[in-house]
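structure_29.cif follows (mmCIF, C-alpha atoms):
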data_model
loop_
_atom_site.label_atom_id
_atom_site.label_comp_id
_atom_site.auth_asym_id
_atom_site.auth_seq_id
_atom_site.Cartn_x
_atom_site.Cartn_y
_atom_site.Cartn_z
CA MET X 1 45.97 166.33 117.35
CA ALA X 2 43.48 164.95 119.79
CA ASP X 3 44.38 164.95 123.44
CA TYR X 4 44.97 161.25 124.19
CA PRO X 5 45.16 159.80 127.71
CA LYS X 6 48.71 159.00 128.81
CA HIS X 7 48.07 155.27 128.76
CA LEU X 8 46.98 155.26 125.09
CA ASN X 9 49.67 155.14 122.42
CA GLN X 10 48.79 157.84 119.87
CA SER X 11 50.36 156.19 116.86
CA SER X 12 49.08 152.63 117.24
CA GLY X 13 46.06 153.11 119.50
CA ILE X 14 47.33 150.31 121.78
CA ILE X 15 46.52 150.74 125.44
CA LEU X 16 49.66 150.76 127.54
CA GLN X 17 49.75 149.82 131.20
CA THR X 18 49.13 152.47 133.81
CA PRO X 19 51.58 152.71 136.71
CA ALA X 20 49.10 150.82 138.92
CA ASP X 21 48.89 148.04 136.33
CA GLN X 22 52.67 147.90 136.07
CA PHE X 23 52.95 147.50 139.86
CA PHE X 24 50.88 144.32 139.76
CA THR X 25 52.39 142.76 136.68
CA LYS X 26 54.04 139.39 136.89
CA LYS X 27 57.41 141.04 136.30
CA SER X 28 57.26 143.34 139.31
CA PHE X 29 59.12 142.53 142.51
CA LEU X 30 55.83 142.12 144.35
CA PHE X 31 55.02 139.08 142.24
CA SER X 32 58.57 137.83 141.76
CA PHE X 33 59.36 134.18 142.29
CA TRP X 34 62.08 135.13 144.77
CA LEU X 35 59.71 136.99 147.08
CA TYR X 36 57.29 134.05 146.95
CA ARG X 37 60.10 131.65 147.77
CA LEU X 38 61.47 133.86 150.56
CA ILE X 39 58.10 134.18 152.32
CA ARG X 40 57.33 130.48 151.87
CA ILE X 41 60.70 129.43 153.31
CA LEU X 42 60.49 131.95 156.15
CA LEU X 43 57.04 130.69 157.18
CA GLY X 44 58.20 127.08 156.82
CA VAL X 45 61.25 127.65 159.03
CA ILE X 46 59.19 129.47 161.68
CA PHE X 47 56.63 126.66 161.88
CA LEU X 48 59.34 123.96 161.76
CA TRP X 49 61.26 125.57 164.60
CA SER X 50 58.11 126.23 166.63
CA GLY X 51 56.81 122.68 166.28
CA PHE X 52 60.19 121.04 166.88
CA VAL X 53 60.85 123.00 170.08
CA LYS X 54 57.40 122.13 171.43
CA LEU X 55 57.93 118.45 170.58
CA LEU X 56 61.11 118.45 172.67
CA GLU X 57 59.14 119.48 175.79
CA PRO X 58 55.49 118.51 175.37
CA ALA X 59 54.84 118.79 179.13
CA TYR X 60 55.61 122.53 179.04
CA PHE X 61 53.29 123.02 176.07
CA ALA X 62 50.61 120.95 177.84
CA VAL X 63 50.70 123.33 180.81
CA ILE X 64 50.11 126.29 178.50
CA ILE X 65 47.29 124.53 176.66
CA GLU X 66 45.67 123.74 179.99
CA ALA X 67 45.99 127.38 181.10
CA PHE X 68 43.70 128.46 178.26
CA GLY X 69 41.03 126.05 179.53
CA LEU X 70 39.58 125.29 176.11
CA ILE X 71 39.83 121.50 175.97
CA PRO X 72 39.15 118.68 178.44
CA GLU X 73 42.05 117.68 180.64
CA SER X 74 42.24 114.21 179.07
CA TRP X 75 42.95 115.79 175.66
CA VAL X 76 45.72 118.13 176.79
CA MET X 77 48.70 115.79 176.36
CA PRO X 78 47.57 114.32 173.00
CA VAL X 79 47.07 117.87 171.69
CA ALA X 80 50.42 118.95 173.16
CA VAL X 81 52.11 116.26 171.06
CA GLY X 82 49.82 116.16 168.02
CA LEU X 83 49.67 119.88 167.27
CA PRO X 84 53.46 120.39 167.18
CA ALA X 85 53.84 117.21 165.12
CA LEU X 86 51.33 118.61 162.62
CA GLU X 87 53.26 121.90 162.62
CA VAL X 88 56.50 120.08 161.75
CA ILE X 89 54.89 118.00 159.00
CA ALA X 90 53.11 121.00 157.46
CA ALA X 91 56.28 123.12 157.71
CA ILE X 92 58.30 120.50 155.83
CA GLY X 93 55.51 120.39 153.25
CA LEU X 94 55.61 124.17 152.93
CA LEU X 95 59.38 124.16 152.52
CA LEU X 96 59.02 121.60 149.72
CA ASP X 97 55.96 123.45 148.34
CA ILE X 98 53.71 120.40 148.64
CA GLN X 99 50.02 120.82 147.90
CA GLY X 100 47.86 121.20 151.01
CA SER X 101 50.64 122.26 153.36
CA LEU X 102 49.85 125.97 153.01
CA ALA X 103 46.20 125.26 153.81
CA VAL X 104 47.19 123.33 156.95
CA ILE X 105 49.51 126.15 158.06
CA ALA X 106 46.76 128.71 157.39
CA GLY X 107 44.25 126.65 159.37
CA MET X 108 46.60 126.25 162.33
CA LEU X 109 47.46 129.93 162.26
CA ALA X 110 43.77 130.85 162.22
CA LEU X 111 43.23 128.51 165.18
CA PHE X 112 46.14 130.09 167.05
CA MET X 113 44.77 133.57 166.38
CA VAL X 114 41.33 132.61 167.71
CA VAL X 115 42.85 131.08 170.85
CA LEU X 116 45.07 134.12 171.42
CA ALA X 117 42.14 136.50 170.91
CA TYR X 118 40.14 134.41 173.39
CA GLY X 119 42.99 134.65 175.92
CA ILE X 120 43.21 138.41 175.43
CA TRP X 121 39.42 138.72 175.79
CA LEU X 122 39.58 136.78 179.09
CA GLY X 123 42.50 138.93 180.26
CA LEU X 124 44.85 135.97 180.67
CA ASP X 125 48.42 136.91 181.50
CA ILE X 126 50.18 133.78 180.27
CA ASP X 127 52.76 132.75 177.71
CA CYS X 128 51.34 131.98 174.28
CA GLY X 129 53.41 128.81 174.04
CA CYS X 130 54.40 129.65 170.50
CA PHE X 131 58.07 128.75 170.70
CA GLY X 132 58.31 126.44 173.70
CA PRO X 133 60.08 127.01 177.01
CA GLU X 134 63.02 128.85 175.45
CA ASP X 135 60.74 131.59 174.10
CA PRO X 136 62.06 134.98 175.31
CA GLU X 137 58.62 136.56 174.89
CA PRO X 138 57.20 135.69 178.37
CA GLY X 139 60.10 137.35 180.18
CA VAL X 140 59.89 140.49 178.09
CA TYR X 141 56.19 141.04 177.38
CA HIS X 142 54.30 138.31 179.25
CA SER X 143 51.34 139.09 177.05
CA LEU X 144 49.35 137.49 174.27
CA ARG X 145 49.06 140.68 172.22
CA PRO X 146 52.54 140.55 170.61
CA ALA X 147 51.91 136.91 169.67
CA LEU X 148 48.59 137.83 168.07
CA PHE X 149 50.25 140.65 166.11
CA ARG X 150 53.00 138.26 164.94
CA ASP X 151 50.32 135.79 163.80
CA VAL X 152 48.50 138.53 161.87
CA VAL X 153 51.74 139.35 160.06
CA MET X 154 52.28 135.67 159.24
CA MET X 155 48.68 135.43 158.01
CA ALA X 156 49.40 138.34 155.66
CA GLY X 157 52.32 136.28 154.34
CA ILE X 158 50.02 133.31 153.78
CA ILE X 159 47.52 135.49 151.95
CA PHE X 160 50.37 136.77 149.76
CA LEU X 161 51.35 133.20 148.91
CA TYR X 162 47.79 132.36 147.90
CA VAL X 163 47.49 135.53 145.80
CA TRP X 164 50.85 134.85 144.16
CA ARG X 165 49.85 131.29 143.28
CA TYR X 166 46.51 132.46 141.90
CA SER X 167 47.99 135.32 139.86
CA ARG X 168 50.70 133.10 138.38
CA SER X 169 48.41 130.06 137.98
CA VAL X 170 50.93 127.99 139.90
CA LYS X 171 49.97 124.71 141.53
CA PRO X 172 52.16 123.27 144.28
CA VAL X 173 53.67 119.81 143.91
CA ARG X 174 51.40 116.90 144.79
CA PHE X 175 52.82 114.62 147.48
CA LEU X 176 52.47 111.53 145.31
CA GLU X 177 54.57 113.16 142.59
CA LEU X 178 57.51 113.31 145.00
CA ILE X 179 57.43 109.58 145.68
#

What does the file become when written as C-alpha cells?
Amino acid sequence: MADYPKHLNQSSGIILQTPADQFFTKKSFLFSFWLYRLIRILLGVIFLWSGFVKLLEPAYFAVIIEAFGLIPESWVMPVAVGLPALEVIAAIGLLLDIQGSLAVIAGMLALFMVVLAYGIWLGLDIDCGCFGPEDPEPGVYHSLRPALFRDVVMMAGIIFLYVWRYSRSVKPVRFLELI
C-alpha cells in the first residue's frame, strides 16, 4: 500500500482534519459560545463598574484628566462626565450583545491605551483614573504601566470577540430589534 499522510483516510480518500485544524474548529473550547459569553460579560462588567464609579465622583476623574494635559481646561469637566457615561452605555450594550457596543468599547480602550502610553512616555507618575477614587492601584503601584498592560489584555479579549463573531458568522442584536 502507498504511504498516505496521516490526515488522509486511506479507504475513502477523504481528507481529515489535522490537529491544528481541529483546534480551530467551531466545536473546540476556543470557539465555544460559553467562552465568548464569559469574555463579553467580563468586559461588560469591567467597563460598567469603571464608568459607574467615575460617574459617582466626576471631580476626581476631572483632576486626573487635567493631569495628563491633553485637552483644554474648559473641556475637562464635560469629558469627566461624558466619557464615563459612554462607558456605562457601551457596557450595558456589550452585556446585552447590542450591535456597535463592542466597537465603542474597542475605540475607548484604544484611546485609553494611547493616553496611558503618552503618560508613560512623558514620565508622569499619576493614577490612571481607570476605576475612580477607590482604585487600589495608585497606592500599590502609582504607575501607568500596570494599567496599560491591563488594557492590552482587555484588547486581546475584544479581538477574540471579533474573531469569534467572524468565524461563527454571528451578528449582534440591533438596538431597534430590542424595542

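For the residues X:Ala147, X:Val115, X:Leu70, X:Leu178, ranking by smallest atom-to-atom distance to Asp127 of chain X using all atoms listed in the file places X:Ala147 first.
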
Exercise. Which residues fall under the PyMOL selection byres ((chain X and resi 54-66) around 8) in this file, as a VMD selection string?
Worked result: chain X and resid 50 to 53 67 to 71 73 76 to 77 79 to 81 84 to 85 126 to 129 131 to 133

Give me, as a Markdown table, each residue of segment 72-120 of chain X that comes within 12 Å of segment 152-157 of chain X, together with its shortest interatomic pair and the distance in Å at one decimal, counting all atoms listed in the file, with rows ordered by chain and rising residue number.
| residue | atom | partner | partner_atom | distance |
| --- | --- | --- | --- | --- |
| X:Leu102 | CA | X:Gly157 | CA | 10.7 |
| X:Ala103 | CA | X:Met155 | CA | 11.3 |
| X:Ile105 | CA | X:Met155 | CA | 9.3 |
| X:Ala106 | CA | X:Met155 | CA | 7.0 |
| X:Gly107 | CA | X:Met155 | CA | 9.9 |
| X:Met108 | CA | X:Met155 | CA | 10.4 |
| X:Leu109 | CA | X:Met155 | CA | 7.1 |
| X:Ala110 | CA | X:Met155 | CA | 7.9 |
| X:Leu111 | CA | X:Met155 | CA | 11.4 |
| X:Phe112 | CA | X:Val152 | CA | 10.2 |
| X:Met113 | CA | X:Val152 | CA | 7.7 |
| X:Val114 | CA | X:Val152 | CA | 11.0 |
| X:Leu116 | CA | X:Val152 | CA | 11.1 |
| X:Ala117 | CA | X:Val152 | CA | 11.2 |

Seminar exercise, completed: Computed gap from atom CA of Leu83 of chain X to atom CA of Leu96 of chain X is 20.0 Å

Seminar exercise, completed: Correct to one decimal, the distance atom CA of Pro78 of chain X-atom CA of Ile98 of chain X is 25.8 Å

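Counting only C-alpha atoms and comparing X:Ile158, X:Ile41, X:Leu124, X:Val170, the residue that lies closest to Val104 of chain X is X:Ile158.
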
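The interatomic distance for the pair atom CA of Ile92 of chain X and atom CA of Arg165 of chain X works out to 18.6 Å.
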
For this session: List, as a count of residues only, every residue that the PyMOL selection byres ((chain X and resi 93) around 12) selects in the file provided.
Result: 31

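Closest approach to Arg37 of chain X among X:Arg150, X:Leu161, X:Lys171, X:Glu177 is made by X:Leu161 (distances from all atoms listed in the file).
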